[in-house]
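I have placed the structure first, in the form of structure tokens, so that the comments after it can refer back to it.
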Amino acid sequence: MTEDFKYEDCRFADIQMLRYRLDGFDKLTLRQKKLVYCLAEAALWGRDMTFDQFGRYNLKIRKTLEAIYTDYDGDRNSSDFKGLETYLKRVWFSNGIYHHYGCDKFEPGFSKDFFVSAVKRIDHKQLPLQDGQGVEVLLDELLPVIFDAAVLPVKVCKKIGWDLVKSSACNFYEGVSQDEVEDYYSSMKKDASTSPHSYGLNTTVIKENGKISELTWRAGGKYSAAIEKIITWLGKALAFAENDKQRKTIELLIDYYRTGDLGNFNDYCVEWVEDKDSQIDFINGFIEVYDDPLGMKGTWEGLVEYRDVEGTRRTNAISRNAQWFEDQSPVDSRFKKENVTGVSANVICAAMLGGGEYPSTAIGINLPNADWIRARHGSKSITISNIINAYNEAARDNGFIEEFVIDDESRALVKKYGDICDIIHTDLHECLGHGSGQLLPGVDSDALKAYGNTIEEARADLFGLYYIADAKMLELGLLPNAEAYKAGYYSYMMNGLLTQLARIKKGNEIEEAHMRDRALIARWCYEQGKSQNVVEMVCKDGKTYIKINDYVSLRMLFGRLLAEVQRIKSEGDFAAARDLVEEYAVKVEPNLHSEIISRYEGLGIPPYKGFINPVLRLVKDEAGNVVDVNVDYSESYEMQMLRYGKDYSTLI
């Protein structure tokens with residue numbers, strides 16, 4: 001480990017880049033370190049797929065911008081070049097030209113004339129030109145996408161009444177409408193299998209000669225060049241597997257990548273979730289569906305991790321009591337699981353981030369997503385301790401609490417217990433929230449369509465909010481006293497009602513599923529509790545704050561909403577999901593929005609944060625044998641992104 005480790009690296013636009021430490025990595029065995037190294041390489045080779053999924057022009061734009069950035073021989077201090085530099089950094093961060101949270105297209109801070117001139121004056125061998133293609137053809141293709149705000153304006157459109165497929169720029173569909181896609185998959189789901197496939201998870205839907213079909217993402221199919229590299233490194237990882245269960249898991253994932261068969265994916269998910277003993281674990285594949293307006297297509301992502309032994313003792317206390325939490329839930333008994341099985345919860349350290357988990361990453365994950373696998377085989381939940389630590393360190397003494405928390409008493413509460421409440425809420429959300437409840441027989445897991453992701457995240461958040469105030473937290477030794485949970489409640493309501501607005505561009509609505517979930521919960525509870533004055537919006541010295549007057553009643557409101565959200569999911573009540581989300585989770589009050597943005601700007605706090613990966617370096621002896629794997633934190637954001645663009649480029 002380097003002695004001069006620093007969490008923060010750089011800032012640009014609305015983003016702060018951080019580093020995360022691989023605490024305890026030096027205590028792993030050499031075999032485990034080699035396994036991490038191989039899995040880390042597999043996690044990096046999928047990057048181009050994520051870029052392409054987020055927009056069909058992203059790879060060409062990235063490569064063109066990188067060529068200008070590295071080879072441009074004009075005035076590099078000009079406002080145009082500096083604007084291009086910032087634009088490129090944002091493209092790197094978001095895996096494309098659309099904001100990673102807001103989904104709107106970036107506005108270039110450089111002129112069209114500058115871009116055209118820069119492209120023409122650099123070595124054309126560095127540009128993404130197809131055989132025989134001239135630079136003018138490339139410019140004709142890219143200029144409207146970059147500079148015309150009306151061309152492919154948003155990555156994921158969720159506006160009610162719109163054709164969500166045609167109005168979204170994400171690259172999962174070609175030449176088809178929303179109705180055509182939904183009809184296509186409805187015909188597949190008529191199969192009443194007890195172990196259904198996640199239809200559409202790993203394909204692009206196309207229409208040729210009036211017929212709809214799919215291009216499968218597999219070796220020999222679409223994205224083959226990237227997938228073959230991943231298969232190679234997964235194959236190398238087999239030699240260092242910790243046990244037979246882990247080895248079988250990797251073999252099944254390789255089979256899935258080779259065939260694209262969703263039955264193989266089910267087999268892999270079952271084997272993976274049943275591997276409870278491995279200290280090293282990983283996620284690699286087309287997983288989360290938040291970036292598809294219909295909630296079906298899996299964004300490619302990679303994560304390599306090793307267990308945080310001390311932190312896992314905490315999550316084990318939660319998972320051991322999973323049945324108790326399910327039984328005591330305030331939801332209708334019809335929607336509860338009679339037997340909660342296979343729940344495992346670990347605190348982990350991330351060792352490498354890739355694809356949809358890089359540079360911006362989650363702090364907790366619960367998988368698999370298939371409801372039938374959760375019900376029959378359980379789920380795995382992780383809380384990522386070194387990412388949480390990095391966030392917390394970056395937030396120390398930045399003035400946020402003083403600016404947005406209403407009074408000294410509340411500030412003291414948040415400062416003392418805020419971090420632990422965030423951790424416990426994440427544990428409950430991931431460990432039990434996502435795995436709780438059940439669908440009624442015959443309910444399609446995709447019945448809520450575009451609202452499904454928001455409802456699911458709200459369900460897990462509400463589960464955590466309801467139980468963090470329970471006496472069980474004290475019994476299990478997870479919180480220090482009966483007052484600590486109030487810090488979590490205050491922070492959550494403040495974020496949902498106020499501070500997350502800093503992440504939204506002026507004039508926009510809330511689009512991202514997690515932000516909608518938080519707004520839905522906070523606004524619903526605020527409105528429903530008005531008659532009892534449970535939560536107030538207070539104006540003080542010209543600034544808006546929240547004040548919680550009745551924490552006990554607020555918990556009851558969380559419980560009421562949890563019961564309704566679980567009913568919506570269990571019954572597949574699309575109309576109720578739509579009404580709840582559209583009423584509470586989408587709209588933004590303009591004056592309040594402007595106020596929050598202004599207060600954030602006054603603090604100089606970027607509302608978004610992302611992470612630079614460490615570099616894992618093999619140490620070899622004179623005979624060429626690997627004797628260690630070292631961790632290097634010295635690579636800058638720019639150096640890493642340029643290296644990845646050169647060394648892990650497969651699709652262009």
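Convention: chains lettered A, B, ... in structure tokens order; per-chain residue numbering from 1; ligands numbered from 1 as shown.
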
- Message: List as a PyMOL selection string the protein and nucleic acid residues near region 556-568 of chain A, meaning an atom at most 10 Å away when only C-alpha atoms are counted, but skip any in the same chain fewer than 6 places from it.
- Response: chain A and resi 329-332+334-336+436-440+447-448+452+455-456+458-467+520-522+524-526+528-529+534+574-577+580

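Using only C-alpha atoms, the protein and nucleic acid residues lying no more than 8 Å from Tyr57 (chain A), apart from those fewer than 4 places from it along its own chain, are Asp52, Ile61, Leu142 and Val145 of chain A.
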
Please, could you write that set of residues out with C-alpha atoms as a CSV table (one decimal), in the first residue's frame?
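Output file part_36.csv is given in full below:
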```
chain,number,residue,atom,x,y,z
A,52,ASP,CA,-22.3,1.0,-26.8
A,61,ILE,CA,-17.4,10.0,-30.1
A,142,LEU,CA,-21.2,12.8,-35.3
A,145,VAL,CA,-25.4,13.9,-32.3
```

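The residue set within 10 Å of Asp179 (chain A), counting only C-alpha atoms and dropping same-chain residues fewer than 5 places from it, reads Asp163, Leu164, Val165 and Tyr184 of chain A.
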
Please produce a file of those selected residues containing C-alpha atoms, as a PDB file, in the first residue's frame.
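Result file follows (part-v3.pdb):
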```
ATOM      1  CA  ASP A 163     -43.211   5.795 -26.936  1.00  0.00           C
ATOM      2  CA  LEU A 164     -40.406   5.009 -24.506  1.00  0.00           C
ATOM      3  CA  VAL A 165     -38.423   2.952 -26.987  1.00  0.00           C
ATOM      4  CA  TYR A 184     -42.914  -9.564 -28.861  1.00  0.00           C
TER       5      TYR A 184
END
```

- Task: List every residue of region 127-343 of chain A that DSSP, applied to the backbone, labels as strand (DSSP E), and write the result as a ChimeraX atom specification.
- Result: /A:173-174,203-208,211-216,280-286,300-307,343

With only C-alpha atoms as the counted atoms, please give the residues lying no more than 7 Å from region 88-99 of chain A, apart from itself and same-chain residues fewer than 6 positions off, as a PDB file with C-alpha atoms, in the first residue's frame.
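What follows is the written file part-v6.pdb:
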```pdb
ATOM      1  CA  THR A  50     -21.479  -0.459 -21.660  1.00  0.00           C
ATOM      2  CA  PHE A  51     -20.526   2.536 -23.795  1.00  0.00           C
ATOM      3  CA  PHE A  54     -25.764   3.704 -23.589  1.00  0.00           C
ATOM      4  CA  GLY A  55     -25.823   5.089 -27.153  1.00  0.00           C
ATOM      5  CA  ASN A  58     -20.732   6.754 -27.880  1.00  0.00           C
ATOM      6  CA  LEU A  65     -12.375  12.994 -28.503  1.00  0.00           C
ATOM      7  CA  LYS A 105     -27.390  14.841 -23.348  1.00  0.00           C
ATOM      8  CA  PHE A 106     -24.342  16.924 -22.427  1.00  0.00           C
ATOM      9  CA  VAL A 154     -32.130  11.670 -23.701  1.00  0.00           C
ATOM     10  CA  LYS A 155     -30.671   8.259 -22.954  1.00  0.00           C
ATOM     11  CA  PRO A 359     -16.671   5.130 -12.315  1.00  0.00           C
ATOM     12  CA  MET A 641      -9.251   6.583 -18.861  1.00  0.00           C
TER      13      MET A 641
END
```

- Query: Pick from A:Asp80, A:Glu66, A:Asp632, A:Glu182: nearest to Lys112 (chain A), with only C-alpha atoms counted?
  - Reply: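 Under the stated criterion, the closest residue is A:Asp80.
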
- Quick one: distance from CA of Leu39 (chain A) to CA of Leu616 (chain A) in Å, one decimal?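 A separation of 11.3 Å between them.
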
- Note on the structure: Using only C-alpha atoms, the shortest atom-to-atom distance to Glu595 (chain A) among A:Ser333, A:Thr499, A:Ser570, A:Thr216 belongs to A:Thr499

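Of all the residues in region 185-217 of chain A, the ones DSSP labels as alpha helix (DSSP H) from the backbone are Tyr185, Ser186, Ser187 and Met188 of chain A.
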
Please produce an output containing all heavy atoms for each residue in the selection, written as a CSV table (one decimal), in the first residue's frame.
```
chain,number,residue,atom,x,y,z
A,185,TYR,N,-42.3,-9.7,-26.5
A,185,TYR,CA,-42.0,-10.5,-25.3
A,185,TYR,C,-43.2,-11.1,-24.6
A,185,TYR,O,-43.1,-12.1,-23.9
A,185,TYR,CB,-41.2,-9.6,-24.4
A,185,TYR,CG,-39.8,-9.4,-24.8
A,185,TYR,CD1,-39.3,-8.1,-25.2
A,185,TYR,CD2,-38.9,-10.4,-25.0
A,185,TYR,CE1,-38.0,-7.9,-25.7
A,185,TYR,CE2,-37.6,-10.3,-25.4
A,185,TYR,CZ,-37.2,-9.0,-25.8
A,185,TYR,OH,-35.9,-8.8,-26.2
A,186,SER,N,-44.4,-10.5,-24.8
A,186,SER,CA,-45.6,-11.1,-24.2
A,186,SER,C,-45.8,-12.4,-24.7
A,186,SER,O,-46.3,-13.4,-24.0
A,186,SER,CB,-46.8,-10.2,-24.4
A,186,SER,OG,-46.7,-9.0,-23.7
A,187,SER,N,-45.6,-12.6,-26.0
A,187,SER,CA,-45.8,-13.9,-26.6
A,187,SER,C,-44.8,-15.0,-26.0
A,187,SER,O,-45.2,-16.1,-25.9
A,187,SER,CB,-45.6,-13.8,-28.1
A,187,SER,OG,-44.3,-13.5,-28.5
A,188,MET,N,-43.6,-14.6,-25.6
A,188,MET,CA,-42.7,-15.5,-25.0
A,188,MET,C,-43.1,-15.9,-23.6
A,188,MET,O,-42.9,-17.0,-23.2
A,188,MET,CB,-41.3,-14.8,-25.0
A,188,MET,CG,-40.6,-14.6,-26.3
A,188,MET,SD,-38.9,-14.0,-26.1
A,188,MET,CE,-38.4,-13.8,-27.8
```

- Query: In Å, how far is it from CA of Ile373 (chain A) to CA of Asp277 (chain A)?
  - Reply: 18.9 Å

Applying 7 Å and only C-alpha atoms, which residues near Asn284 (chain A) remain after dropping the ones on its own chain fewer than 2 positions away? List them as a PDB file with C-alpha atoms, in the first residue's frame.
```
ATOM      1  CA  ALA A  43     -14.174  -6.794 -15.220  1.00  0.00           C
ATOM      2  CA  PHE A 282     -17.497 -11.153  -8.376  1.00  0.00           C
ATOM      3  CA  GLU A 301     -21.200  -4.451 -15.340  1.00  0.00           C
ATOM      4  CA  GLY A 302     -18.259  -5.881 -13.458  1.00  0.00           C
ATOM      5  CA  LEU A 303     -17.276  -5.911  -9.802  1.00  0.00           C
TER       6      LEU A 303
END
```

- Message: Just checking: using only C-alpha atoms, which residue out of A:Val119, A:Ile318, A:Met473, A:Met49 ends up closest to Ser224 (chain A)?
- Response: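 Closest to Ser224 (chain A), using only C-alpha atoms: A:Met49.
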
- Item | Shell of 8 Å around Ile365 (chain A), only C-alpha atoms, local chain residues under 5 positions omitted, as a list in words |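 Close residues of Ile365 (chain A): Ser381, Ile382, Thr383 and Glu430 of chain A.
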
Print the selection's residues with all heavy atoms to a file, as a PDB file, in the first residue's frame.
```pdb
ATOM      1  N   SER A 381     -26.470 -10.458  -0.764  1.00  0.00           N
ATOM      2  CA  SER A 381     -26.442  -9.017  -0.561  1.00  0.00           C
ATOM      3  C   SER A 381     -25.052  -8.597  -0.139  1.00  0.00           C
ATOM      4  O   SER A 381     -24.394  -9.293   0.633  1.00  0.00           O
ATOM      5  CB  SER A 381     -27.438  -8.604   0.518  1.00  0.00           C
ATOM      6  OG  SER A 381     -28.746  -8.985   0.166  1.00  0.00           O
ATOM      7  N   ILE A 382     -24.611  -7.472  -0.660  1.00  0.00           N
ATOM      8  CA  ILE A 382     -23.313  -6.946  -0.248  1.00  0.00           C
ATOM      9  C   ILE A 382     -23.431  -5.460   0.069  1.00  0.00           C
ATOM     10  O   ILE A 382     -24.209  -4.741  -0.542  1.00  0.00           O
ATOM     11  CB  ILE A 382     -22.230  -7.148  -1.324  1.00  0.00           C
ATOM     12  CG1 ILE A 382     -22.626  -6.473  -2.644  1.00  0.00           C
ATOM     13  CG2 ILE A 382     -21.934  -8.616  -1.536  1.00  0.00           C
ATOM     14  CD1 ILE A 382     -21.513  -6.437  -3.675  1.00  0.00           C
ATOM     15  N   THR A 383     -22.680  -5.044   1.055  1.00  0.00           N
ATOM     16  CA  THR A 383     -22.458  -3.640   1.351  1.00  0.00           C
ATOM     17  C   THR A 383     -20.973  -3.392   1.133  1.00  0.00           C
ATOM     18  O   THR A 383     -20.141  -4.143   1.646  1.00  0.00           O
ATOM     19  CB  THR A 383     -22.855  -3.308   2.794  1.00  0.00           C
ATOM     20  OG1 THR A 383     -24.228  -3.655   2.997  1.00  0.00           O
ATOM     21  CG2 THR A 383     -22.648  -1.833   3.091  1.00  0.00           C
ATOM     22  N   GLU A 430     -30.400  -3.889   1.174  1.00  0.00           N
ATOM     23  CA  GLU A 430     -29.825  -4.905   0.295  1.00  0.00           C
ATOM     24  C   GLU A 430     -30.010  -6.320   0.841  1.00  0.00           C
ATOM     25  O   GLU A 430     -30.373  -7.228   0.093  1.00  0.00           O
ATOM     26  CB  GLU A 430     -28.331  -4.631   0.076  1.00  0.00           C
ATOM     27  CG  GLU A 430     -28.022  -3.284  -0.563  1.00  0.00           C
ATOM     28  CD  GLU A 430     -28.530  -3.158  -1.987  1.00  0.00           C
ATOM     29  OE1 GLU A 430     -28.957  -4.174  -2.581  1.00  0.00           O
ATOM     30  OE2 GLU A 430     -28.512  -2.030  -2.511  1.00  0.00           O
TER      31      GLU A 430
END
```

- Tell me which of A:Thr341, A:Gln246, A:Asn346, A:Gln53 sits closest to Thr203 (chain A), counting only C-alpha atoms. A:Gln53

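If only C-alpha atoms are the atoms counted, then among A:Val535, A:Leu474, A:Cys421, A:Ala395 the closest residue to Gly604 (chain A) is A:Ala395.
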
- Nearest to Leu501 (chain A) among A:Ile227, A:Leu476, A:Tyr101, A:Tyr637, with distances taken over only C-alpha atoms: which residue is it?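 Answer, going by the shortest atom-to-atom distance: A:Tyr101.
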
- Near Ile122 (chain A), within 9 Å and counting only C-alpha atoms, which residues show up once chain neighbours fewer than 3 positions away are dropped, as an NGL selection string? :A and (67-68 or 71-73 or 117-119 or 125-127)

Produce a file of the selected residues containing all heavy atoms, as a tab-separated table (two decimals), in the first residue's frame.
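What landed in part30.tsv:
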```
chain	number	residue	atom	x	y	z
A	67	ALA	N	-8.60	11.09	-29.39
A	67	ALA	CA	-7.58	11.40	-30.39
A	67	ALA	C	-7.24	12.89	-30.38
A	67	ALA	O	-6.07	13.28	-30.45
A	67	ALA	CB	-8.05	10.96	-31.77
A	68	ILE	N	-8.28	13.72	-30.27
A	68	ILE	CA	-8.04	15.16	-30.19
A	68	ILE	C	-7.28	15.50	-28.91
A	68	ILE	O	-6.31	16.27	-28.92
A	68	ILE	CB	-9.37	15.94	-30.26
A	68	ILE	CG1	-10.06	15.71	-31.59
A	68	ILE	CG2	-9.13	17.43	-30.03
A	68	ILE	CD1	-11.48	16.28	-31.65
A	71	ASP	N	-3.57	14.25	-29.30
A	71	ASP	CA	-2.74	14.60	-30.46
A	71	ASP	C	-2.89	16.05	-30.92
A	71	ASP	O	-2.15	16.49	-31.81
A	71	ASP	CB	-3.08	13.69	-31.64
A	71	ASP	CG	-2.66	12.24	-31.41
A	71	ASP	OD1	-2.09	11.97	-30.34
A	71	ASP	OD2	-2.92	11.40	-32.29
A	72	TYR	N	-3.82	16.79	-30.38
A	72	TYR	CA	-4.07	18.15	-30.86
A	72	TYR	C	-2.84	19.03	-30.64
A	72	TYR	O	-2.27	19.07	-29.53
A	72	TYR	CB	-5.27	18.74	-30.12
A	72	TYR	CG	-5.67	20.12	-30.57
A	72	TYR	CD1	-6.19	20.33	-31.84
A	72	TYR	CD2	-5.53	21.22	-29.73
A	72	TYR	CE1	-6.58	21.60	-32.26
A	72	TYR	CE2	-5.91	22.49	-30.13
A	72	TYR	CZ	-6.44	22.67	-31.40
A	72	TYR	OH	-6.81	23.92	-31.80
A	73	ASP	N	-2.40	19.75	-31.70
A	73	ASP	CA	-1.19	20.57	-31.62
A	73	ASP	C	-1.48	22.06	-31.65
A	73	ASP	O	-0.58	22.88	-31.84
A	73	ASP	CB	-0.22	20.20	-32.75
A	73	ASP	CG	-0.83	20.42	-34.14
A	73	ASP	OD1	-2.00	20.83	-34.22
A	73	ASP	OD2	-0.12	20.16	-35.13
A	117	SER	N	-12.34	21.54	-37.09
A	117	SER	CA	-10.94	21.86	-37.37
A	117	SER	C	-10.00	20.90	-36.66
A	117	SER	O	-9.00	20.43	-37.23
A	117	SER	CB	-10.64	23.30	-36.94
A	117	SER	OG	-9.27	23.60	-37.05
A	118	ALA	N	-10.31	20.58	-35.40
A	118	ALA	CA	-9.45	19.68	-34.62
A	118	ALA	C	-9.43	18.28	-35.21
A	118	ALA	O	-8.37	17.64	-35.28
A	118	ALA	CB	-9.93	19.65	-33.17
A	119	VAL	N	-10.60	17.80	-35.63
A	119	VAL	CA	-10.66	16.47	-36.22
A	119	VAL	C	-9.83	16.41	-37.49
A	119	VAL	O	-9.12	15.43	-37.76
A	119	VAL	CB	-12.13	16.07	-36.50
A	119	VAL	CG1	-12.19	14.82	-37.37
A	119	VAL	CG2	-12.88	15.85	-35.20
A	125	LYS	N	-5.36	8.32	-38.73
A	125	LYS	CA	-5.22	6.93	-38.30
A	125	LYS	C	-5.72	6.73	-36.87
A	125	LYS	O	-6.02	5.60	-36.46
A	125	LYS	CB	-3.76	6.48	-38.40
A	125	LYS	CG	-3.23	6.39	-39.83
A	125	LYS	CD	-1.78	5.96	-39.85
A	125	LYS	CE	-1.23	5.91	-41.28
A	125	LYS	NZ	0.19	5.51	-41.32
A	126	GLN	N	-5.80	7.82	-36.12
A	126	GLN	CA	-6.26	7.73	-34.74
A	126	GLN	C	-7.78	7.82	-34.63
A	126	GLN	O	-8.34	7.64	-33.54
A	126	GLN	CB	-5.64	8.88	-33.92
A	126	GLN	CG	-4.13	8.94	-33.96
A	126	GLN	CD	-3.48	7.66	-33.47
A	126	GLN	OE1	-3.91	7.09	-32.47
A	126	GLN	NE2	-2.47	7.20	-34.19
A	127	LEU	N	-8.44	8.08	-35.75
A	127	LEU	CA	-9.89	8.26	-35.73
A	127	LEU	C	-10.62	6.96	-36.04
A	127	LEU	O	-10.07	6.07	-36.71
A	127	LEU	CB	-10.29	9.32	-36.76
A	127	LEU	CG	-9.76	10.73	-36.51
A	127	LEU	CD1	-10.09	11.64	-37.69
A	127	LEU	CD2	-10.35	11.30	-35.22
```
